[in-house]
Each structure stands twice: as C-alpha cells, then as structure tokens.
Amino acid sequence: MGLAMYCGMASAQHVTYKSFDHYNDKVVEFEKMRPVDSTDVVMLGNSITEFGGDWNKRVGGRHIRNRGIAGDDAMGIYHRLDQILPGKPRAVFLMVGINDISHDLKGEQVAELCIKVIDKIRRDAPQTKLYVQSILPINEDFNRWKTLEGKTDVVPAVNRRVKDHCQRYGIEYIDLFSKFVRHGTNDLRRELSVDGLHLSPQGYKQWAFVLKRYLRDCGAVR
C-alpha cells in the first residue's frame, strides 16, 4: 500500500507539456525532488520567483518550496500544476503574467490566461490557500527588454482585471505593484531592480517584507 501511494504521487508529478530547454530541465529537476505535500507552501512563478532562491532563508520560514522557472508563462505554469496540486499544499503564492505581456498579447488576453491558472488551482486544490500576487512593475529606462517596450501601462491594467476576479471569488490578492512603483508613475523603482525587470537584493528584501504577513497567516513564518 505504501509503495502504491508513493507511485501514485510520483506519477502525479509527471509533466508531458514541453516548452523551452530551461523549462524542461527544471520540470525534470522538480520531478526528482520530494513531492510537494500538505506541509508545504509553494512559491510559483517565473524568473522573478526562481531567482529568489531559498525562500525559507529569505523570509525566515520553513517548508517553503521554490517552483519558479525563468521564462515561464501562464500556460507553462498551468501545465505543470500536476507537479504541485496533487500533494494538497498548505498554500500557493502565485505570480504570473509578465512573460505573457512580453509575448505581445493584449492586456485582456494576458488577464484571461492568468485567470485560467487561478481557476485551475481553485478547482483542483480547493483546500489549498491561494495567494495571487500582482505582476511587478517594469522600468523601461534600463533599455534592456525589447519585448517589453511600451508595455509599462499594460502591467497595472492586467493587475486590475485579475484583482477584480480575485475579489469576486474571495481569493487573497497581494498588491505588490504599489509597493514597487515610483510615486506618481507606473515605473519600477530603479533601486529595486538590476535590469528594469528582475529584482535587486533590495527588491527581494521589499518583497519578503510584504510577504511575511501572509506567510505568517499560513504558518510558514513564525
């Protein structure tokens, strides 16, 4: 019986969706790790989440699993939820959308893709506490990310649509955006970023500060 249960958990981790090389490599890496279970809190997202490294050290927590993949988008996350949800994690902190914006989709299209991920988590793991984090602002003055040129104002538009959905269905929404923008603009504060998109050490410190309240609520931080 114990073996059957283990095999069931292992098979639940298998992801058939194939994307870019780093995505595929990370999915295989995650498959080799201890499966996510009900004691875990999962940080789920793209490079901004992945580059946070060990979130337990970052926030002084425990049982926090980093499931960020650099370059990932909404559909990539959607297709690898089978590595996460069968284990019934205590909580999932989701950040998704910036790479979809870089794919030149309209704001409403991006929001719908984000909502598709949100709804799958709610449907497949109703006992898991879901925290939806806003997309962080960008700063085009770095002139680093050509695929995000002219997209500064798309970010808050997507956030508004996703926030409305979360409020409608009683999902916890974490407004990080307002904590990262330069006052009076939609621009990411320069000192919080290394390239106009990814975060500096100070940026991660700011993020961790905001998250601690929510992580404390779900028992991941004392």
# chains A, B, ... in the order shown; residues from 1 in each chain; ligands from 1
>>> select_by_dssp(residues="segment 44-197 of chain A", states="alpha helix (DSSP H)", output="MDAnalysis selection string")
chainID A and resid 47:50 55:59 74:79 98:102 107:124 154:168 177:180
>>> residues_around(residues="Val221 of chain A", least_positions_apart="5", cutoff="7 Å", atoms="only C-alpha atoms", output="PyMOL selection string")
chain A and resi 60-62+212+215-216
>>> residues_around(residues="Leu105 of chain A", least_positions_apart="3", cutoff="12 Å", atoms="only C-alpha atoms", output="list in words")
Asp73, Gly97, Ile98, Asn99, Asp100, Ile101, Ser102, Glu108, Gln109, Val110, Ala111, Glu112, Leu113, Thr147, Leu148, Lys151, Val154, Val155 and Val158 of chain A
>>> write_last_selection(atoms="all heavy atoms", output="CSV table (one decimal), in the first residue's frame")
chain,number,residue,atom,x,y,z
A,73,ASP,N,5.5,31.1,-18.5
A,73,ASP,CA,4.3,32.0,-18.7
A,73,ASP,C,3.1,31.2,-18.2
A,73,ASP,O,3.3,30.2,-17.5
A,73,ASP,CB,4.2,32.3,-20.2
A,73,ASP,CG,4.1,31.1,-21.1
A,73,ASP,OD1,3.8,29.9,-20.6
A,73,ASP,OD2,4.2,31.2,-22.3
A,97,GLY,N,2.3,36.4,-15.4
A,97,GLY,CA,1.8,37.3,-16.3
A,97,GLY,C,2.8,38.2,-17.1
A,97,GLY,O,2.5,38.6,-18.2
A,98,ILE,N,4.0,38.5,-16.5
A,98,ILE,CA,4.9,39.4,-17.2
A,98,ILE,C,5.4,38.8,-18.5
A,98,ILE,O,5.6,39.5,-19.5
A,98,ILE,CB,6.0,39.8,-16.2
A,98,ILE,CG1,6.8,41.0,-16.8
A,98,ILE,CG2,7.0,38.7,-15.9
A,98,ILE,CD1,5.9,42.3,-17.1
A,99,ASN,N,5.7,37.5,-18.5
A,99,ASN,CA,6.2,36.9,-19.7
A,99,ASN,C,5.1,36.9,-20.8
A,99,ASN,O,5.4,37.0,-22.0
A,99,ASN,CB,6.8,35.6,-19.5
A,99,ASN,CG,8.1,35.7,-18.7
A,99,ASN,OD1,8.9,36.6,-19.0
A,99,ASN,ND2,8.4,34.8,-17.8
A,100,ASP,N,3.9,36.7,-20.4
A,100,ASP,CA,2.8,36.7,-21.3
A,100,ASP,C,2.6,38.1,-22.0
A,100,ASP,O,2.4,38.3,-23.2
A,100,ASP,CB,1.5,36.3,-20.6
A,100,ASP,CG,1.5,34.9,-20.1
A,100,ASP,OD1,1.2,34.0,-20.9
A,100,ASP,OD2,1.9,34.7,-18.9
A,101,ILE,N,2.8,39.2,-21.1
A,101,ILE,CA,2.8,40.5,-21.7
A,101,ILE,C,3.9,40.7,-22.7
A,101,ILE,O,3.7,41.3,-23.7
A,101,ILE,CB,3.0,41.6,-20.5
A,101,ILE,CG1,1.7,41.6,-19.7
A,101,ILE,CG2,3.3,43.0,-21.1
A,101,ILE,CD1,1.8,42.4,-18.4
A,102,SER,N,5.1,40.1,-22.4
A,102,SER,CA,6.2,40.2,-23.4
A,102,SER,C,6.0,39.5,-24.7
A,102,SER,O,6.6,39.7,-25.7
A,102,SER,CB,7.5,39.7,-22.8
A,102,SER,OG,7.5,38.2,-22.8
A,108,GLU,N,-6.1,42.2,-21.9
A,108,GLU,CA,-7.2,41.3,-21.5
A,108,GLU,C,-6.9,39.9,-21.8
A,108,GLU,O,-7.3,39.0,-21.0
A,108,GLU,CB,-8.5,41.7,-22.3
A,108,GLU,CG,-9.7,41.0,-22.0
A,108,GLU,CD,-10.2,41.1,-20.5
A,108,GLU,OE1,-9.9,42.2,-20.0
A,108,GLU,OE2,-10.8,40.2,-20.0
A,109,GLN,N,-6.1,39.6,-22.9
A,109,GLN,CA,-5.7,38.2,-23.1
A,109,GLN,C,-4.8,37.7,-22.1
A,109,GLN,O,-4.9,36.6,-21.6
A,109,GLN,CB,-5.0,38.2,-24.5
A,109,GLN,CG,-5.9,38.5,-25.7
A,109,GLN,CD,-5.0,38.5,-27.0
A,109,GLN,OE1,-4.1,39.3,-27.1
A,109,GLN,NE2,-5.3,37.6,-27.9
A,110,VAL,N,-3.9,38.5,-21.6
A,110,VAL,CA,-3.0,38.1,-20.5
A,110,VAL,C,-3.8,37.8,-19.3
A,110,VAL,O,-3.6,36.8,-18.6
A,110,VAL,CB,-1.9,39.2,-20.3
A,110,VAL,CG1,-1.1,38.8,-19.0
A,110,VAL,CG2,-1.0,39.4,-21.5
A,111,ALA,N,-4.7,38.7,-18.9
A,111,ALA,CA,-5.5,38.5,-17.7
A,111,ALA,C,-6.3,37.2,-17.8
A,111,ALA,O,-6.4,36.5,-16.8
A,111,ALA,CB,-6.5,39.7,-17.5
A,112,GLU,N,-6.8,36.9,-18.9
A,112,GLU,CA,-7.6,35.7,-19.1
A,112,GLU,C,-6.7,34.4,-18.9
A,112,GLU,O,-7.1,33.4,-18.3
A,112,GLU,CB,-8.3,35.6,-20.4
A,112,GLU,CG,-9.5,36.6,-20.6
A,112,GLU,CD,-10.5,36.4,-19.5
A,112,GLU,OE1,-10.8,35.2,-19.2
A,112,GLU,OE2,-11.0,37.4,-18.9
A,113,LEU,N,-5.5,34.5,-19.4
A,113,LEU,CA,-4.6,33.4,-19.2
A,113,LEU,C,-4.2,33.3,-17.7
A,113,LEU,O,-4.1,32.1,-17.1
A,113,LEU,CB,-3.3,33.6,-20.0
A,113,LEU,CG,-3.4,33.4,-21.5
A,113,LEU,CD1,-2.2,34.0,-22.2
A,113,LEU,CD2,-3.6,32.0,-21.8
A,147,THR,N,11.2,43.2,-25.7
A,147,THR,CA,9.9,42.6,-25.8
A,147,THR,C,8.9,43.3,-24.9
A,147,THR,O,7.7,43.0,-24.9
A,147,THR,CB,9.9,41.1,-25.6
A,147,THR,OG1,10.5,40.9,-24.3
A,147,THR,CG2,10.7,40.4,-26.7
A,148,LEU,N,9.4,44.1,-24.0
A,148,LEU,CA,8.5,44.8,-23.0
A,148,LEU,C,8.4,46.3,-23.3
A,148,LEU,O,7.8,47.1,-22.5
A,148,LEU,CB,9.0,44.6,-21.6
A,148,LEU,CG,8.7,43.2,-21.0
A,148,LEU,CD1,9.5,43.0,-19.7
A,148,LEU,CD2,7.2,42.9,-20.9
A,151,LYS,N,5.2,48.6,-22.8
A,151,LYS,CA,4.2,47.8,-22.0
A,151,LYS,C,4.1,48.2,-20.5
A,151,LYS,O,3.4,47.5,-19.8
A,151,LYS,CB,4.7,46.3,-22.1
A,151,LYS,CG,4.9,45.8,-23.5
A,151,LYS,CD,3.7,45.7,-24.3
A,151,LYS,CE,3.9,45.2,-25.7
A,151,LYS,NZ,4.5,43.9,-25.8
A,154,VAL,N,0.6,48.4,-19.4
A,154,VAL,CA,-0.2,47.2,-19.6
A,154,VAL,C,-0.2,46.4,-18.2
A,154,VAL,O,-1.2,45.8,-17.9
A,154,VAL,CB,0.4,46.3,-20.7
A,154,VAL,CG1,-0.4,44.9,-20.8
A,154,VAL,CG2,0.3,47.0,-22.0
A,155,VAL,N,0.9,46.5,-17.5
A,155,VAL,CA,1.0,45.7,-16.2
A,155,VAL,C,-0.1,46.1,-15.3
A,155,VAL,O,-0.8,45.2,-14.8
A,155,VAL,CB,2.4,46.0,-15.6
A,155,VAL,CG1,2.5,45.3,-14.3
A,155,VAL,CG2,3.5,45.4,-16.5
A,158,VAL,N,-3.5,44.7,-16.4
A,158,VAL,CA,-3.7,43.3,-16.2
A,158,VAL,C,-4.0,43.1,-14.7
A,158,VAL,O,-4.9,42.3,-14.3
A,158,VAL,CB,-2.5,42.5,-16.6
A,158,VAL,CG1,-2.6,41.0,-16.2
A,158,VAL,CG2,-2.3,42.6,-18.1
>>> residues_around(residues="segment 186-191 of chain A", least_positions_apart="4", cutoff="7 Å", atoms="only C-alpha atoms", output="number ranges by chain")
A: 137-139, 152-153, 180-182
>>> write_last_selection(atoms="N, CA and C atoms", output="short mmCIF file (atom, residue, chain, number, x, y, z; two decimals), in the first residue's frame")
data_model
loop_
_atom_site.label_atom_id
_atom_site.label_comp_id
_atom_site.auth_asym_id
_atom_site.auth_seq_id
_atom_site.Cartn_x
_atom_site.Cartn_y
_atom_site.Cartn_z
N PRO A 137 5.85 45.95 -11.39
CA PRO A 137 6.08 46.94 -12.46
C PRO A 137 7.42 46.70 -13.14
N ILE A 138 7.60 47.34 -14.29
CA ILE A 138 8.86 47.29 -15.03
C ILE A 138 9.40 48.72 -15.16
N ASN A 139 10.65 48.82 -15.58
CA ASN A 139 11.26 50.13 -15.80
C ASN A 139 11.96 50.11 -17.13
N THR A 152 4.72 49.29 -20.17
CA THR A 152 4.68 49.72 -18.77
C THR A 152 3.25 49.82 -18.23
N ASP A 153 2.35 50.41 -19.02
CA ASP A 153 0.98 50.63 -18.54
C ASP A 153 0.09 49.41 -18.72
N PHE A 180 6.20 48.77 -5.24
CA PHE A 180 7.42 48.77 -6.05
C PHE A 180 7.51 49.94 -7.04
N VAL A 181 6.45 50.70 -7.20
CA VAL A 181 6.47 51.77 -8.20
C VAL A 181 7.01 53.08 -7.63
N ARG A 182 7.59 53.85 -8.53
CA ARG A 182 7.99 55.21 -8.19
C ARG A 182 6.74 56.06 -8.09
#
>>> atom_distance(atom1="atom CA of Ile64 of chain A", atom2="atom CA of Pro89 of chain A")
10.0 Å
>>> residues_around(residues="Glu29 of chain A", least_positions_apart="3", cutoff="12 Å", atoms="only C-alpha atoms", output="list in words")
Gln13, His14, Val15, His22, Tyr23, Asn24, Asp25, Lys26, Lys32, Met33, Arg34, Pro35, Asn66, Arg67, Gly68, Ile69 and Gln83 of chain A
>>> write_last_selection(atoms="N, CA, C and O atoms", output="compact mmCIF listing (two decimals), in the first residue's frame")
# COMPACT_ATOMS: atom_id res chain seq x y z
N GLN A 13 3.37 13.67 -10.51
CA GLN A 13 4.35 14.71 -10.77
C GLN A 13 4.73 14.81 -12.25
O GLN A 13 5.36 15.78 -12.65
N HIS A 14 4.39 13.84 -13.04
CA HIS A 14 4.87 13.81 -14.42
C HIS A 14 4.20 14.90 -15.27
O HIS A 14 2.99 15.04 -15.26
N VAL A 15 5.02 15.66 -15.97
CA VAL A 15 4.52 16.74 -16.84
C VAL A 15 4.85 16.39 -18.28
O VAL A 15 6.02 16.17 -18.62
N HIS A 22 15.15 25.36 -20.61
CA HIS A 22 15.24 25.58 -19.17
C HIS A 22 13.98 25.09 -18.46
O HIS A 22 14.06 24.48 -17.38
N TYR A 23 12.83 25.32 -19.06
CA TYR A 23 11.57 24.83 -18.51
C TYR A 23 11.61 23.31 -18.38
O TYR A 23 11.32 22.75 -17.32
N ASN A 24 11.99 22.63 -19.47
CA ASN A 24 12.03 21.17 -19.46
C ASN A 24 13.00 20.64 -18.42
O ASN A 24 12.71 19.67 -17.72
N ASP A 25 14.17 21.29 -18.31
CA ASP A 25 15.17 20.86 -17.34
C ASP A 25 14.67 21.04 -15.90
O ASP A 25 14.89 20.17 -15.04
N LYS A 26 14.01 22.15 -15.63
CA LYS A 26 13.52 22.41 -14.29
C LYS A 26 12.39 21.44 -13.92
O LYS A 26 12.32 20.97 -12.77
N LYS A 32 12.44 14.97 -9.54
CA LYS A 32 13.38 14.18 -8.74
C LYS A 32 13.37 14.57 -7.26
O LYS A 32 13.94 13.87 -6.43
N MET A 33 12.74 15.67 -6.95
CA MET A 33 12.68 16.14 -5.56
C MET A 33 11.55 15.45 -4.80
O MET A 33 10.68 14.82 -5.39
N ARG A 34 11.58 15.60 -3.50
CA ARG A 34 10.46 15.13 -2.70
C ARG A 34 9.18 15.78 -3.20
O ARG A 34 9.14 17.00 -3.39
N PRO A 35 8.13 14.99 -3.41
CA PRO A 35 6.88 15.59 -3.89
C PRO A 35 6.34 16.65 -2.92
O PRO A 35 6.53 16.54 -1.70
N ASN A 66 10.41 26.51 -3.69
CA ASN A 66 10.52 27.41 -4.83
C ASN A 66 10.20 26.65 -6.11
O ASN A 66 10.92 25.73 -6.49
N ARG A 67 9.11 27.04 -6.76
CA ARG A 67 8.71 26.43 -8.03
C ARG A 67 8.62 27.50 -9.11
O ARG A 67 7.71 27.52 -9.93
N GLY A 68 9.61 28.40 -9.10
CA GLY A 68 9.72 29.39 -10.17
C GLY A 68 10.57 28.84 -11.29
O GLY A 68 11.53 28.11 -11.05
N ILE A 69 10.22 29.17 -12.53
CA ILE A 69 11.02 28.81 -13.70
C ILE A 69 11.22 30.05 -14.55
O ILE A 69 10.24 30.65 -15.04
N GLN A 83 2.44 18.82 -10.89
CA GLN A 83 3.57 18.54 -10.01
C GLN A 83 3.33 19.08 -8.60
O GLN A 83 4.08 18.77 -7.68
>>> select_by_dssp(residues="segment 75-171 of chain A", states="strand (DSSP E)", output="list in words")
Ala91, Val92, Phe93, Leu94, Lys129, Leu130, Tyr131, Val132 and Gln133 of chain A
>>> residues_around(residues="Ala220 of chain A", least_positions_apart="5", cutoff="12 Å", atoms="only C-alpha atoms", output="JSON, numbers by chain")
{"A": [38, 39, 40, 41, 42, 43, 55, 56, 57, 59, 60, 61, 62, 63, 64, 65, 89, 90, 91, 92, 93, 211, 212, 213, 214, 215]}
